[in-house]
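Report on the structure given below.
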Amino acid sequence: MPGMPVSPSGRTSDSSERLCVSIAQSPRILYQKSKCAKSEKIEDALLLECPLGEMLPSPSDYKSSLIVLTVQNWLLRLSADSGEVLEKVYLAGSCCKSFRYLCWDTPQEVMVAKTVQNKLPAAARQIFGNSVTDVAASNGILIVMYSMGLVRLYNFKAILEQFMEQPFDLGQEFNWNGQVGVVGKYPFGLPCNIKITDTPPLLFEASSLENAFQIGGYPWHYIITPNKKKHKGVFHICSLKDNALAKNGIQDMKCCSLEPDWIYFHPDMSGRIIHVGPNLIKVLKLKEVKNHTDQMEIAEDFTIVANRENCVNNTVTVTASGRVVKKRFNLLDDDPEQETYSHEVYFDKDLVLHIEQKPNRRFSCYVYQMVCDSAKED
(Lines give C-alpha, C1' and ligand atoms only; values in the text may rest on other atoms or scores of the structure.)
Protein backbone atom coordinates (compact mmCIF):
# COMPACT_ATOMS: atom_id res chain seq x y z
CA MET A 1 0.00 0.00 0.00
CA PRO A 2 1.68 3.26 -1.12
CA GLY A 3 2.79 5.60 1.64
CA MET A 4 2.24 3.15 4.52
CA PRO A 5 5.37 1.60 6.06
CA VAL A 6 4.77 -2.00 7.02
CA SER A 7 6.38 -4.59 9.27
CA PRO A 8 5.79 -7.94 10.98
CA SER A 9 2.32 -8.43 12.36
CA GLY A 10 0.71 -8.33 15.74
CA ARG A 11 -3.05 -8.52 15.98
CA THR A 12 -5.84 -7.21 18.14
CA SER A 13 -9.61 -7.13 17.84
CA ASP A 14 -11.17 -4.32 19.82
CA SER A 15 -11.20 -0.64 20.60
CA SER A 16 -9.07 -0.79 23.78
CA GLU A 17 -5.32 -0.71 23.15
CA ARG A 18 -2.44 -0.32 25.52
CA LEU A 19 1.16 -0.11 24.40
CA CYS A 20 3.82 -1.07 26.91
CA VAL A 21 7.57 -1.46 26.80
CA SER A 22 9.02 -4.21 28.97
CA ILE A 23 12.43 -3.38 30.40
CA ALA A 24 13.83 -5.62 33.14
CA GLN A 25 10.35 -7.20 33.53
CA SER A 26 8.75 -3.85 34.47
CA PRO A 27 6.32 -2.74 31.71
CA ARG A 28 5.26 0.88 31.62
CA ILE A 29 2.20 2.21 29.79
CA LEU A 30 3.11 4.69 27.05
CA TYR A 31 -0.50 5.59 26.35
CA GLN A 32 -4.03 4.28 26.69
CA LYS A 33 -6.73 5.19 24.20
CA SER A 34 -10.01 6.37 25.60
CA LYS A 35 -13.05 4.21 25.01
CA CYS A 36 -14.58 4.96 21.60
CA ALA A 37 -18.10 4.74 20.24
CA LYS A 38 -19.40 1.51 18.67
CA SER A 39 -19.23 3.17 15.25
CA GLU A 40 -15.45 3.55 15.74
CA LYS A 41 -14.84 0.03 17.06
CA ILE A 42 -11.58 -1.55 15.90
CA GLU A 43 -12.17 -4.88 14.17
CA ASP A 44 -8.55 -5.88 13.57
CA ALA A 45 -5.03 -4.46 13.55
CA LEU A 46 -1.45 -5.03 12.39
CA LEU A 47 1.69 -3.83 14.13
CA LEU A 48 4.01 -1.87 11.84
CA GLU A 49 7.64 -0.84 11.92
CA CYS A 50 9.73 1.23 9.54
CA PRO A 51 11.09 -0.69 6.52
CA LEU A 52 14.87 -0.58 6.30
CA GLY A 53 16.76 1.07 3.47
CA GLU A 54 13.83 3.01 2.01
CA MET A 55 13.11 6.72 1.64
CA LEU A 56 9.70 7.54 3.09
CA PRO A 57 7.57 10.66 2.39
CA SER A 58 7.03 11.72 6.02
CA PRO A 59 9.24 11.74 9.16
CA SER A 60 6.43 9.99 11.07
CA ASP A 61 6.75 7.03 8.67
CA TYR A 62 10.04 6.07 10.30
CA LYS A 63 8.42 5.38 13.67
CA SER A 64 6.51 2.30 14.82
CA SER A 65 2.78 2.44 14.25
CA LEU A 66 -0.40 0.41 14.18
CA ILE A 67 -2.72 -0.06 11.24
CA VAL A 68 -6.26 -0.62 12.47
CA LEU A 69 -9.45 -1.56 10.64
CA THR A 70 -12.63 0.02 12.02
CA VAL A 71 -16.20 -1.24 11.83
CA GLN A 72 -16.97 1.62 9.42
CA ASN A 73 -14.34 0.31 6.95
CA TRP A 74 -11.67 2.90 7.67
CA LEU A 75 -8.03 1.84 7.61
CA LEU A 76 -6.13 4.05 10.09
CA ARG A 77 -2.41 4.31 10.76
CA LEU A 78 -1.82 5.28 14.39
CA SER A 79 1.38 6.34 16.10
CA ALA A 80 2.55 3.57 18.42
CA ASP A 81 3.92 6.22 20.78
CA SER A 82 0.85 8.43 21.18
CA GLY A 83 -2.11 6.87 19.33
CA GLU A 84 -2.31 9.92 17.02
CA VAL A 85 -3.97 9.24 13.65
CA LEU A 86 -1.26 9.62 11.00
CA GLU A 87 -3.11 8.44 7.91
CA LYS A 88 -6.64 7.45 6.87
CA VAL A 89 -7.86 5.29 3.98
CA TYR A 90 -11.50 4.51 3.25
CA LEU A 91 -11.88 0.94 1.97
CA ALA A 92 -15.56 0.32 1.22
CA GLY A 93 -16.30 0.95 -2.43
CA SER A 94 -18.76 -0.33 -5.00
CA CYS A 95 -17.70 -3.97 -4.65
CA CYS A 96 -17.69 -4.41 -0.87
CA LYS A 97 -19.14 -2.75 2.23
CA SER A 98 -17.97 -4.94 5.13
CA PHE A 99 -14.25 -5.47 5.72
CA ARG A 100 -13.47 -7.23 8.99
CA TYR A 101 -9.98 -8.80 8.91
CA LEU A 102 -6.39 -7.74 8.27
CA CYS A 103 -3.48 -10.04 7.47
CA TRP A 104 -0.15 -10.02 5.66
CA ASP A 105 0.29 -11.35 2.15
CA THR A 106 4.01 -10.52 2.14
CA PRO A 107 5.32 -9.43 5.58
CA GLN A 108 6.63 -5.84 5.54
CA GLU A 109 5.33 -5.30 2.00
CA VAL A 110 1.72 -6.25 1.20
CA MET A 111 -1.31 -6.41 3.49
CA VAL A 112 -4.76 -7.83 2.81
CA ALA A 113 -8.14 -6.59 4.08
CA LYS A 114 -10.76 -9.34 4.10
CA THR A 115 -14.55 -9.20 4.16
CA VAL A 116 -16.79 -11.34 6.33
CA GLN A 117 -16.65 -14.94 5.13
CA ASN A 118 -20.22 -15.17 3.81
CA LYS A 119 -19.81 -12.16 1.51
CA LEU A 120 -17.92 -13.90 -1.33
CA PRO A 121 -19.18 -12.27 -4.58
CA ALA A 122 -21.42 -14.35 -6.84
CA ALA A 123 -18.94 -13.96 -9.71
CA ALA A 124 -16.18 -15.51 -7.58
CA ARG A 125 -18.42 -18.45 -6.66
CA GLN A 126 -19.03 -19.09 -10.35
CA ILE A 127 -15.29 -19.40 -10.88
CA PHE A 128 -14.25 -21.29 -7.73
CA GLY A 129 -17.51 -23.10 -6.87
CA ASN A 130 -20.48 -22.67 -4.52
CA SER A 131 -18.93 -24.68 -1.68
CA VAL A 132 -16.24 -22.06 -0.96
CA THR A 133 -16.21 -21.22 2.77
CA ASP A 134 -13.20 -18.93 3.10
CA VAL A 135 -10.35 -17.33 1.15
CA ALA A 136 -6.93 -16.15 2.30
CA ALA A 137 -3.75 -14.74 0.73
CA SER A 138 -0.25 -15.45 1.99
CA ASN A 139 3.19 -15.02 0.40
CA GLY A 140 1.80 -14.56 -3.08
CA ILE A 141 -0.54 -17.57 -2.82
CA LEU A 142 -4.35 -17.43 -2.96
CA ILE A 143 -5.75 -20.08 -0.62
CA VAL A 144 -9.35 -21.17 -1.27
CA MET A 145 -11.11 -23.38 1.31
CA TYR A 146 -14.19 -25.53 0.74
CA SER A 147 -16.89 -26.96 2.97
CA MET A 148 -15.77 -30.58 2.43
CA GLY A 149 -12.30 -29.83 3.82
CA LEU A 150 -10.61 -29.29 0.46
CA VAL A 151 -7.90 -26.61 0.24
CA ARG A 152 -6.72 -25.28 -3.14
CA LEU A 153 -3.77 -23.00 -3.86
CA TYR A 154 -3.45 -20.54 -6.75
CA ASN A 155 -0.77 -18.05 -7.83
CA PHE A 156 -2.10 -14.75 -6.46
CA LYS A 157 0.44 -12.61 -8.31
CA ALA A 158 -0.47 -14.26 -11.62
CA ILE A 159 -4.16 -13.60 -10.94
CA LEU A 160 -3.48 -9.90 -10.34
CA GLU A 161 -1.44 -9.62 -13.54
CA GLN A 162 -3.96 -11.50 -15.67
CA PHE A 163 -7.27 -10.12 -14.42
CA MET A 164 -6.54 -6.55 -13.24
CA GLU A 165 -8.51 -4.21 -15.51
CA GLN A 166 -6.73 -1.01 -14.45
CA PRO A 167 -4.18 -0.24 -11.69
CA PHE A 168 -4.84 2.55 -9.16
CA ASP A 169 -2.77 4.32 -6.50
CA LEU A 170 -4.00 5.79 -3.21
CA GLY A 171 -4.90 9.46 -3.61
CA GLN A 172 -5.28 9.13 -7.39
CA GLU A 173 -8.29 10.82 -9.00
CA PHE A 174 -10.27 8.41 -11.16
CA ASN A 175 -13.18 8.39 -13.58
CA TRP A 176 -13.95 4.77 -14.21
CA ASN A 177 -17.07 2.66 -14.77
CA GLY A 178 -19.29 5.67 -14.17
CA GLN A 179 -17.58 6.60 -10.89
CA VAL A 180 -15.64 9.78 -10.22
CA GLY A 181 -13.62 10.22 -7.04
CA VAL A 182 -10.30 9.84 -5.27
CA VAL A 183 -8.89 6.40 -4.43
CA GLY A 184 -9.05 5.78 -0.67
CA LYS A 185 -11.24 8.82 0.08
CA TYR A 186 -14.81 8.78 1.38
CA PRO A 187 -17.28 7.83 -0.06
CA PHE A 188 -15.60 6.16 -3.04
CA GLY A 189 -13.10 3.95 -1.23
CA LEU A 190 -11.23 1.45 -3.37
CA PRO A 191 -12.49 0.66 -6.88
CA CYS A 192 -13.12 -2.99 -7.77
CA ASN A 193 -10.53 -3.28 -10.54
CA ILE A 194 -10.01 -7.05 -10.69
CA LYS A 195 -12.50 -9.22 -12.55
CA ILE A 196 -11.71 -12.94 -12.69
CA THR A 197 -13.31 -14.37 -15.80
CA ASP A 198 -11.74 -17.83 -15.88
CA THR A 199 -10.44 -20.41 -13.41
CA PRO A 200 -6.74 -19.73 -12.80
CA PRO A 201 -4.20 -22.59 -12.97
CA LEU A 202 -4.24 -24.81 -9.88
CA LEU A 203 -0.91 -25.02 -8.05
CA PHE A 204 -1.76 -27.52 -5.31
CA GLU A 205 -4.66 -29.07 -3.42
CA ALA A 206 -5.05 -31.08 -0.24
CA SER A 207 -7.86 -32.37 1.95
CA SER A 208 -7.73 -31.51 5.65
CA LEU A 209 -10.11 -31.59 8.61
CA GLU A 210 -11.70 -28.17 9.14
CA ASN A 211 -9.51 -26.76 6.32
CA ALA A 212 -6.52 -26.69 8.69
CA PHE A 213 -3.55 -26.09 6.37
CA GLN A 214 -0.16 -24.45 6.83
CA ILE A 215 2.96 -24.04 4.70
CA GLY A 216 6.45 -23.39 6.00
CA GLY A 217 9.93 -24.78 6.59
CA TYR A 218 12.78 -25.31 4.17
CA PRO A 219 12.46 -27.08 1.86
CA TRP A 220 8.74 -26.26 1.78
CA HIS A 221 6.45 -28.51 3.83
CA TYR A 222 2.81 -28.35 4.83
CA ILE A 223 0.82 -29.43 7.89
CA ILE A 224 -2.66 -30.97 7.66
CA THR A 225 -5.02 -33.06 9.76
CA PRO A 226 -6.49 -36.09 7.90
CA ASN A 227 -10.04 -35.25 6.89
CA LYS A 228 -11.85 -37.52 9.36
CA LYS A 229 -13.17 -36.57 12.79
CA LYS A 230 -11.39 -39.49 14.44
CA HIS A 231 -8.09 -37.86 13.43
CA LYS A 232 -8.80 -34.57 15.22
CA GLY A 233 -5.61 -33.58 17.04
CA VAL A 234 -3.38 -35.60 14.70
CA PHE A 235 -1.05 -33.60 12.44
CA HIS A 236 0.73 -34.80 9.29
CA ILE A 237 3.83 -32.92 8.11
CA CYS A 238 4.44 -33.52 4.40
CA SER A 239 6.68 -32.29 1.60
CA LEU A 240 5.05 -29.72 -0.66
CA LYS A 241 7.15 -31.00 -3.58
CA ASP A 242 5.85 -34.58 -3.71
CA ASN A 243 3.36 -34.90 -0.78
CA ALA A 244 5.72 -37.38 0.93
CA LEU A 245 5.19 -37.72 4.68
CA ALA A 246 8.31 -36.67 6.58
CA LYS A 247 9.99 -39.24 8.79
CA ASN A 248 8.37 -38.93 12.25
CA GLY A 249 5.95 -36.59 10.46
CA ILE A 250 2.85 -37.70 12.37
CA GLN A 251 2.50 -35.62 15.54
CA ASP A 252 -0.12 -36.61 18.12
CA MET A 253 -0.05 -35.49 21.77
CA LYS A 254 -3.04 -37.68 22.65
CA CYS A 255 -4.15 -35.04 25.12
CA CYS A 256 -7.62 -34.71 26.65
CA SER A 257 -8.45 -31.11 27.43
CA LEU A 258 -11.09 -28.41 27.15
CA GLU A 259 -9.21 -26.88 24.21
CA PRO A 260 -7.40 -28.85 21.49
CA ASP A 261 -3.66 -28.74 21.00
CA TRP A 262 -2.37 -26.70 18.05
CA ILE A 263 0.67 -26.60 15.81
CA TYR A 264 2.29 -24.03 13.53
CA PHE A 265 5.51 -23.15 11.73
CA HIS A 266 7.56 -20.63 13.70
CA PRO A 267 7.21 -17.16 12.07
CA ASP A 268 10.99 -16.57 12.02
CA MET A 269 11.27 -18.76 8.87
CA SER A 270 13.77 -21.02 10.67
CA GLY A 271 11.80 -24.14 9.76
CA ARG A 272 11.05 -24.87 13.41
CA ILE A 273 7.58 -26.16 14.31
CA ILE A 274 5.80 -25.32 17.56
CA HIS A 275 3.35 -27.90 18.95
CA VAL A 276 1.37 -26.60 21.94
CA GLY A 277 -0.73 -28.71 24.29
CA PRO A 278 -2.44 -28.01 27.64
CA ASN A 279 0.71 -28.66 29.69
CA LEU A 280 3.46 -29.20 27.11
CA ILE A 281 5.17 -27.19 24.37
CA LYS A 282 7.28 -29.14 21.88
CA VAL A 283 9.71 -27.31 19.63
CA LEU A 284 10.40 -29.42 16.55
CA LYS A 285 12.70 -28.91 13.57
CA LEU A 286 13.04 -30.17 10.02
CA LYS A 287 16.34 -31.79 9.15
CA GLU A 288 17.75 -34.12 6.49
CA VAL A 289 17.69 -37.84 7.15
CA LYS A 290 21.24 -39.11 7.59
CA ASN A 291 22.56 -40.63 4.33
CA HIS A 292 19.29 -39.64 2.59
CA THR A 293 19.60 -35.97 1.61
CA ASP A 294 16.36 -36.11 -0.39
CA GLN A 295 14.29 -37.10 2.66
CA MET A 296 13.41 -34.93 5.65
CA GLU A 297 12.58 -35.90 9.21
CA ILE A 298 10.98 -34.18 12.18
CA ALA A 299 13.28 -34.04 15.19
CA GLU A 300 12.53 -32.74 18.67
CA ASP A 301 14.61 -29.68 19.49
CA PHE A 302 13.42 -29.16 23.07
CA THR A 303 10.27 -29.25 25.20
CA ILE A 304 8.73 -27.04 27.88
CA VAL A 305 6.62 -28.80 30.50
CA ALA A 306 4.15 -27.05 32.82
CA ASN A 307 4.11 -28.95 36.10
CA ARG A 308 0.69 -28.56 37.67
CA GLU A 309 -0.62 -29.59 41.03
CA ASN A 310 -3.74 -31.67 40.47
CA CYS A 311 -5.71 -30.50 43.48
CA VAL A 312 -8.91 -32.52 43.86
CA ASN A 313 -11.66 -30.91 45.93
CA ASN A 314 -12.69 -33.61 48.39
CA THR A 315 -14.83 -31.33 50.54
CA VAL A 316 -17.94 -31.98 48.41
CA THR A 317 -19.31 -35.37 49.50
CA VAL A 318 -22.88 -35.18 48.19
CA THR A 319 -24.16 -34.17 44.74
CA ALA A 320 -27.10 -31.82 44.11
CA SER A 321 -29.38 -34.83 43.65
CA GLY A 322 -28.31 -36.34 46.99
CA ARG A 323 -25.93 -39.02 45.73
CA VAL A 324 -22.84 -39.74 47.80
CA VAL A 325 -19.49 -38.86 46.19
CA LYS A 326 -17.17 -41.75 46.94
CA LYS A 327 -14.19 -40.62 44.82
CA ARG A 328 -13.16 -37.59 42.77
CA PHE A 329 -10.50 -37.34 40.09
CA ASN A 330 -9.57 -35.21 37.08
CA LEU A 331 -10.05 -36.58 33.56
CA LEU A 332 -8.73 -33.55 31.68
CA ASP A 333 -5.12 -32.55 31.07
CA ASP A 334 -6.03 -28.96 31.91
CA ASP A 335 -7.88 -27.72 34.98
CA PRO A 336 -11.46 -26.57 34.26
CA GLU A 337 -11.62 -24.76 37.61
CA GLN A 338 -8.78 -22.51 36.46
CA GLU A 339 -10.30 -21.74 33.06
CA THR A 340 -11.06 -18.02 32.80
CA TYR A 341 -11.72 -15.75 29.88
CA SER A 342 -9.66 -16.32 26.76
CA HIS A 343 -6.09 -15.11 26.31
CA GLU A 344 -4.15 -14.95 23.06
CA VAL A 345 -0.41 -14.38 22.86
CA TYR A 346 1.51 -13.57 19.66
CA PHE A 347 5.29 -13.38 19.26
CA ASP A 348 7.12 -11.45 16.55
CA LYS A 349 10.85 -10.82 16.78
CA ASP A 350 11.28 -8.67 19.93
CA LEU A 351 7.56 -8.02 20.48
CA VAL A 352 4.98 -9.87 22.55
CA LEU A 353 1.28 -9.15 22.01
CA HIS A 354 -1.21 -10.27 24.67
CA ILE A 355 -4.96 -10.05 23.99
CA GLU A 356 -7.16 -10.60 27.05
CA GLN A 357 -10.92 -11.11 26.96
CA LYS A 358 -12.77 -9.74 29.97
CA PRO A 359 -16.41 -9.98 31.10
CA ASN A 360 -19.10 -8.47 28.86
CA ARG A 361 -17.01 -9.13 25.74
CA ARG A 362 -14.46 -6.44 26.61
CA PHE A 363 -10.93 -6.89 25.29
CA SER A 364 -7.60 -5.42 26.31
CA CYS A 365 -4.48 -5.58 24.20
CA TYR A 366 -0.99 -5.32 25.72
CA VAL A 367 2.12 -4.92 23.56
CA TYR A 368 5.51 -5.60 25.15
CA GLN A 369 8.93 -5.03 23.66
CA MET A 370 11.77 -7.19 24.92
CA VAL A 371 14.92 -5.12 25.44
CA CYS A 372 18.31 -6.56 26.39
CA ASP A 373 19.89 -5.34 29.62
CA SER A 374 23.24 -4.11 28.35
CA ALA A 375 24.96 -4.82 31.68
CA LYS A 376 23.80 -8.44 31.71
CA GLU A 377 24.62 -8.81 28.04
CA ASP A 378 28.22 -7.76 28.69
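Scheme for the C-alpha coordinates: letters A, B, ... for chains in order shown; per-chain residue numbers from 1; ligand numbers from 1 in order shown.
Shell of segment 341-358 of chain A at 6 Å, with only C-alpha atoms counted and residues fewer than 5 places along the chain excluded, is Phe363, Ser364, Cys365, Tyr366, Val367, Tyr368, Gln369 and Met370 of chain A.
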Filtered DSSP result for segment 78-273 of chain A, state strand (DSSP E), as number ranges by chain: A: 78-79, 85-90, 99-106, 110-115, 132-138, 141-146, 150-155, 173-176, 179-182, 202-207, 213-216, 221-224, 234-239, 245-252, 262-265, 272-273
Residue neighbourhood Gly233 of chain A, 8 Å, only C-alpha atoms, exclusion window fewer than 6 positions, as a list in words: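 Selected residues are Thr225, Asp252, Met253, Lys254, Pro260, Asp261 and Trp262 of chain A.
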Polymer residues at most 10 Å from Pro201 of chain A, only C-alpha atoms, same-chain spacing of 5 or more positions, as a list in words: Leu153, Tyr154, Asn155, Ala158 and Ile159 of chain A
Helix (DSSP H, G or I) positions in segment 161-318 of chain A, given as a ChimeraX atom specification: /A:161-163,209-211,229-231
Store the residues picked out above, limited to all heavy atoms, as a short mmCIF file (atom, residue, chain, number, x, y, z; two decimals), in the first residue's frame.
```cif
data_model
loop_
_atom_site.label_atom_id
_atom_site.label_comp_id
_atom_site.auth_asym_id
_atom_site.auth_seq_id
_atom_site.Cartn_x
_atom_site.Cartn_y
_atom_site.Cartn_z
N GLU A 161 -1.97 -10.04 -12.24
CA GLU A 161 -1.44 -9.62 -13.54
C GLU A 161 -2.41 -9.94 -14.67
O GLU A 161 -2.53 -9.17 -15.63
CB GLU A 161 -0.09 -10.29 -13.79
CG GLU A 161 1.01 -9.83 -12.84
CD GLU A 161 2.30 -10.59 -13.04
OE1 GLU A 161 2.28 -11.61 -13.77
OE2 GLU A 161 3.33 -10.18 -12.46
N GLN A 162 -3.10 -11.06 -14.57
CA GLN A 162 -3.96 -11.50 -15.67
C GLN A 162 -5.32 -10.81 -15.67
O GLN A 162 -5.86 -10.49 -16.75
CB GLN A 162 -4.16 -13.02 -15.59
CG GLN A 162 -5.03 -13.58 -16.71
CD GLN A 162 -5.16 -15.10 -16.63
OE1 GLN A 162 -4.51 -15.75 -15.79
NE2 GLN A 162 -6.00 -15.67 -17.48
N PHE A 163 -5.87 -10.55 -14.48
CA PHE A 163 -7.27 -10.12 -14.42
C PHE A 163 -7.46 -8.68 -13.93
O PHE A 163 -8.59 -8.24 -13.78
CB PHE A 163 -8.07 -11.07 -13.53
CG PHE A 163 -8.10 -12.49 -14.03
CD1 PHE A 163 -7.38 -13.49 -13.38
CD2 PHE A 163 -8.83 -12.83 -15.17
CE1 PHE A 163 -7.41 -14.79 -13.84
CE2 PHE A 163 -8.86 -14.13 -15.64
CZ PHE A 163 -8.15 -15.13 -14.97
N LEU A 209 -8.99 -31.79 7.70
CA LEU A 209 -10.11 -31.59 8.61
C LEU A 209 -10.22 -30.11 8.97
O LEU A 209 -9.23 -29.48 9.35
CB LEU A 209 -9.90 -32.43 9.87
CG LEU A 209 -11.06 -32.43 10.88
CD1 LEU A 209 -12.29 -33.11 10.28
CD2 LEU A 209 -10.65 -33.13 12.17
N GLU A 210 -11.41 -29.56 8.83
CA GLU A 210 -11.70 -28.17 9.14
C GLU A 210 -10.80 -27.19 8.38
O GLU A 210 -10.51 -26.10 8.84
CB GLU A 210 -11.57 -27.92 10.66
CG GLU A 210 -12.55 -28.75 11.48
CD GLU A 210 -12.36 -28.58 12.97
OE1 GLU A 210 -11.33 -27.97 13.37
OE2 GLU A 210 -13.20 -29.07 13.75
N ASN A 211 -10.35 -27.60 7.20
CA ASN A 211 -9.51 -26.76 6.32
C ASN A 211 -8.20 -26.33 6.98
O ASN A 211 -7.59 -25.35 6.56
CB ASN A 211 -10.27 -25.51 5.88
CG ASN A 211 -11.53 -25.83 5.12
OD1 ASN A 211 -12.63 -25.54 5.57
ND2 ASN A 211 -11.40 -26.46 3.96
N LYS A 229 -13.05 -37.07 11.42
CA LYS A 229 -13.17 -36.57 12.79
C LYS A 229 -12.34 -37.37 13.78
O LYS A 229 -11.87 -36.84 14.79
CB LYS A 229 -14.65 -36.57 13.21
CG LYS A 229 -15.48 -35.51 12.50
CD LYS A 229 -16.90 -35.47 13.06
CE LYS A 229 -17.71 -34.35 12.39
NZ LYS A 229 -19.09 -34.29 12.92
N LYS A 230 -12.17 -38.67 13.51
CA LYS A 230 -11.39 -39.49 14.44
C LYS A 230 -9.92 -39.08 14.48
O LYS A 230 -9.19 -39.46 15.40
CB LYS A 230 -11.51 -40.97 14.07
CG LYS A 230 -10.86 -41.34 12.74
CD LYS A 230 -10.99 -42.82 12.47
CE LYS A 230 -10.31 -43.22 11.17
NZ LYS A 230 -10.43 -44.68 10.91
N HIS A 231 -9.48 -38.30 13.48
CA HIS A 231 -8.09 -37.86 13.43
C HIS A 231 -7.90 -36.46 14.02
O HIS A 231 -6.81 -35.90 13.91
CB HIS A 231 -7.58 -37.86 12.00
CG HIS A 231 -7.45 -39.23 11.40
ND1 HIS A 231 -6.72 -40.23 12.00
CD2 HIS A 231 -7.95 -39.76 10.26
CE1 HIS A 231 -6.78 -41.32 11.25
NE2 HIS A 231 -7.52 -41.07 10.20
#
```
